[in-house]
Amino acid sequence: MIGLRNKTFIRKILSQIPLILLFVSVLNNSDFNYLDVKYFSFNFSYILIFYYSLKKSESLGYIYIFIAGLFNDVVIGTPIGLSSLLYLILCGAAAYLRNITLRPSLIKDCIFFLITILIINSLFFISLNFIFNHELNYFDQMINIIFTFLLYFLFSNLFDFFENYFVGNNNVG
Amino acid sequence: METSRDDFVIAIRSAFLKKGTQQRFSLLSLIFFSIILLILSSLNFKAINYVKIVIKEIAYRSSFIVSVPENFIKDSYLVIQKHNNLYNENEKNKSELESLKAKDLLNYFIILENQRLKKIFDDYLVESDTVFAKVLSDKGSPFLKSIIINKGSKHNINLGMITMDGAYLVGKVVEVNYLSSRVLLLSDLNSKIPVIVEPNEVFSILSGTGKDYGVIQYSKKYENIKNESIIYTSGTANLFKAGIPIGIISSNYLSEEKKIEFFSDFSQLKFVKIVSFKKNEAK
């Protein structure tokens with residue numbers, strides 16, 4: 001009986017991992033600067049939000065994503081509300097893809113993810129450059145988009161593995 | 001054709017308006033809420049400013065706690081790297097120390113002479129308020145190079161105060177909260193400060209690049225700037241005290257652009273000094 005209760009408790013904790021990861025990633029904003037790797041940056045929160053909104057929408061509540069966006073704005077110094085807006089658009093795109101998809105495939109997800117991050121990064125660039133007069137490096141943004149897109153393959157498989165073997169949700173993937 | 005359009009509308013409506021399981025708000029309502037927040041904050045709405053201050057205090061403190069494991073890994077990596085270079089660095093330091101000792105004696109005389117002359121011109125500035133602060137977060141995103149420090153308006157930090165790492169200029173305070181502040185680093189794309197390049201006394205503007213170096217901009221005497229020239233604050237426009245060392249023109253870069261290697265390593269900042277200057281009243 002105690003073993004069963006412990007198992008449920010651990011599963012409950014594990015199901016909260018995506019949410020914890022989201023807040024850690026926005027507060028930590030990991031960039032691996034100290035490795036001196038030039039031209040390497042990616043947006044982990046975009047990958048996480050898109051994946052979980054697409055595959056397991058109940059893991060990350062919209063309200064938590066909204067709050068994470070506010071925290072991200074504060075940490076990276078962008079106007080408050082901007083990241084929340086971008087995260088929610090990303091959620092919307094993922095929800096739309098989920099609704100129109102009959103047979104899920106990683107390639108289709110990735111292409112849709114690329115189009116979505118291109119759109120939201122364009123929005124980010126336009127709003128910061130033209131509305132808030134904040135200069136941005138176009139090249140750095142492109143690098144960020146490319147690595148975010150490429151790493152989606154890796155993280156998508158990692159999340160699938162995590163959900164199937166640790167949380168025990170066989171519907172994912 | 002008509003059916004596919006209907007499907008599209010249904011999918012969009014379901015994605016943005018339907019509340020999923022355990023969702024208290026629909027996506028569309030939250031999107032509208034973020035747009036309203038953006039507009040109100042750009043209009044400097046008072047209530048939003050208070051909300052912003054609260055979020056900032058929470059986020060900065062939590063960011064510091066959350067960064068602890070990553071900082072530990074980062075520090076360990078750097079310690080190992082330093083150990084590998086220890087012997088070579090020691091040899092180099094020894095030879096440098098000898099030549100610096102000789103230079104120091106000469107400099108001491110020049111400093112005293114300079115102070116005496118500046119007092120005559122009533123242009124001698126002394127440090128008035130100095131606050132030492134711990135760096136809470138140095139999350140240099142590709143879009144913003146700044147650090148968060150653990151001192152705010154409670155500790156008499158004001159906007160525009162300059163930030164130093166030892167004797168070297170690091171940046172200036174651009175945002176002050178009650179218990180924390182944000183310092184815009186010299187390497188940020190939006191940082192532009194008046195500088196003087198010595199020798200040859202070339203006045204110019206140092207601009208950040210978003211990378212770990214800066215560039216010299218808007219100078220007519222571009223050809224007078226030689227490799228390994230030293231960059232100091234010029235004191236023009238009373239933004240900074242004149243003569244604070246910033247960096248050196250790097251000889252590693254082969255391009256036409258004059259690139260500056262900063263004396264201070266912005267990725268390694270742990271503690272910084274926040275300073276303001278005032279005129280020396282003692283004659």
# chains A, B, ... in the order shown; residues from 1 in each chain; ligands from 1
$ closest_atom_pairs --of "chain B" --to "chain A" --cutoff "6 Å" --atoms "only C-alpha atoms" --output "JSON lines"
{"residue": "B:Ala11", "atom": "CA", "partner": "A:Asn99", "partner_atom": "CA", "distance": 5.6}
{"residue": "B:Ile12", "atom": "CA", "partner": "A:Tyr96", "partner_atom": "CA", "distance": 5.9}
{"residue": "B:Ala15", "atom": "CA", "partner": "A:Ala95", "partner_atom": "CA", "distance": 4.9}
{"residue": "B:Phe16", "atom": "CA", "partner": "A:Gly92", "partner_atom": "CA", "distance": 6.0}
{"residue": "B:Gln23", "atom": "CA", "partner": "A:Gly61", "partner_atom": "CA", "distance": 5.8}
{"residue": "B:Ile31", "atom": "CA", "partner": "A:Leu85", "partner_atom": "CA", "distance": 5.7}
{"residue": "B:Ser34", "atom": "CA", "partner": "A:Gly81", "partner_atom": "CA", "distance": 4.9}
{"residue": "B:Leu37", "atom": "CA", "partner": "A:Gly81", "partner_atom": "CA", "distance": 5.7}
{"residue": "B:Leu38", "atom": "CA", "partner": "A:Gly81", "partner_atom": "CA", "distance": 5.1}
{"residue": "B:Lys56", "atom": "CA", "partner": "A:Val74", "partner_atom": "CA", "distance": 5.8}
{"residue": "B:Ala59", "atom": "CA", "partner": "A:Phe71", "partner_atom": "CA", "distance": 5.8}
{"residue": "B:Ser63", "atom": "CA", "partner": "A:Leu27", "partner_atom": "CA", "distance": 4.7}
{"residue": "B:Ser67", "atom": "CA", "partner": "A:Asn28", "partner_atom": "CA", "distance": 5.5}
$ write_last_selection --atoms "C-alpha atoms" --output "short mmCIF file (atom, residue, chain, number, x, y, z; two decimals), in the first residue's frame"
data_model
loop_
_atom_site.label_atom_id
_atom_site.label_comp_id
_atom_site.auth_asym_id
_atom_site.auth_seq_id
_atom_site.Cartn_x
_atom_site.Cartn_y
_atom_site.Cartn_z
CA ALA B 11 -9.17 24.24 -35.74
CA ILE B 12 -8.22 27.87 -35.04
CA ALA B 15 -6.91 26.16 -30.45
CA PHE B 16 -7.45 29.70 -29.24
CA GLN B 23 -6.81 25.40 -18.04
CA ILE B 31 -2.88 36.82 -25.44
CA SER B 34 -0.25 40.25 -22.55
CA LEU B 37 0.25 44.62 -20.38
CA LEU B 38 2.70 45.55 -23.16
CA LYS B 56 11.53 41.96 -10.87
CA ALA B 59 12.57 37.01 -10.58
CA SER B 63 17.18 33.62 -10.80
CA SER B 67 21.60 29.70 -11.20
#
$ select_by_dssp --residues "range 80-205 of chain B" --states "alpha helix (DSSP H)" --output "number ranges by chain"
B: 80-84, 86-120
$ select_by_dssp --residues "range 81-174 of chain B" --states "strand (DSSP E or B)" --output "ChimeraX atom specification"
/B:125-137,141,144,146-149,162-165,168-174
$ write_last_selection --atoms "C-alpha atoms" --output "PDB file, in the first residue's frame"
ATOM      1  CA  LEU B 125      36.751  64.579  -9.290  1.00  0.00           C
ATOM      2  CA  VAL B 126      36.772  62.286  -6.291  1.00  0.00           C
ATOM      3  CA  GLU B 127      34.648  59.263  -5.516  1.00  0.00           C
ATOM      4  CA  SER B 128      31.648  60.409  -3.471  1.00  0.00           C
ATOM      5  CA  ASP B 129      29.503  57.294  -3.012  1.00  0.00           C
ATOM      6  CA  THR B 130      30.942  53.837  -3.296  1.00  0.00           C
ATOM      7  CA  VAL B 131      28.844  50.729  -2.864  1.00  0.00           C
ATOM      8  CA  PHE B 132      30.124  47.206  -3.288  1.00  0.00           C
ATOM      9  CA  ALA B 133      27.588  44.853  -4.796  1.00  0.00           C
ATOM     10  CA  LYS B 134      27.339  41.167  -5.485  1.00  0.00           C
ATOM     11  CA  VAL B 135      26.439  40.065  -9.001  1.00  0.00           C
ATOM     12  CA  LEU B 136      23.184  38.118  -8.706  1.00  0.00           C
ATOM     13  CA  SER B 137      22.857  37.170 -12.327  1.00  0.00           C
ATOM     14  CA  SER B 141      21.555  36.681 -23.614  1.00  0.00           C
ATOM     15  CA  LEU B 144      21.172  41.957 -23.976  1.00  0.00           C
ATOM     16  CA  SER B 146      23.712  43.188 -18.558  1.00  0.00           C
ATOM     17  CA  ILE B 147      24.170  42.061 -14.966  1.00  0.00           C
ATOM     18  CA  ILE B 148      21.852  42.177 -11.983  1.00  0.00           C
ATOM     19  CA  ILE B 149      23.356  43.343  -8.686  1.00  0.00           C
ATOM     20  CA  ILE B 162      29.087  53.876 -12.952  1.00  0.00           C
ATOM     21  CA  THR B 163      30.086  50.300 -12.309  1.00  0.00           C
ATOM     22  CA  MET B 164      33.688  49.206 -11.950  1.00  0.00           C
ATOM     23  CA  ASP B 165      35.538  45.946 -11.666  1.00  0.00           C
ATOM     24  CA  TYR B 168      38.285  49.107 -14.836  1.00  0.00           C
ATOM     25  CA  LEU B 169      35.005  50.423 -16.149  1.00  0.00           C
ATOM     26  CA  VAL B 170      32.303  47.784 -16.638  1.00  0.00           C
ATOM     27  CA  GLY B 171      29.115  49.722 -17.381  1.00  0.00           C
ATOM     28  CA  LYS B 172      26.471  51.914 -15.837  1.00  0.00           C
ATOM     29  CA  VAL B 173      23.301  51.453 -13.818  1.00  0.00           C
ATOM     30  CA  VAL B 174      20.239  51.593 -16.092  1.00  0.00           C
TER      31      VAL B 174
END
$ residues_around --residues "Leu22 in chain A" --least-positions-apart "5" --cutoff "8 Å" --atoms "only C-alpha atoms" --output "PyMOL selection string"
chain A and resi 45+48-49+68
$ residues_around --residues "Phe113 in chain A" --least-positions-apart "6" --cutoff "10 Å" --atoms "only C-alpha atoms" --output "PyMOL selection string"
chain A and resi 46-47+50-51+90+93-94+97+107+119+148-149+152
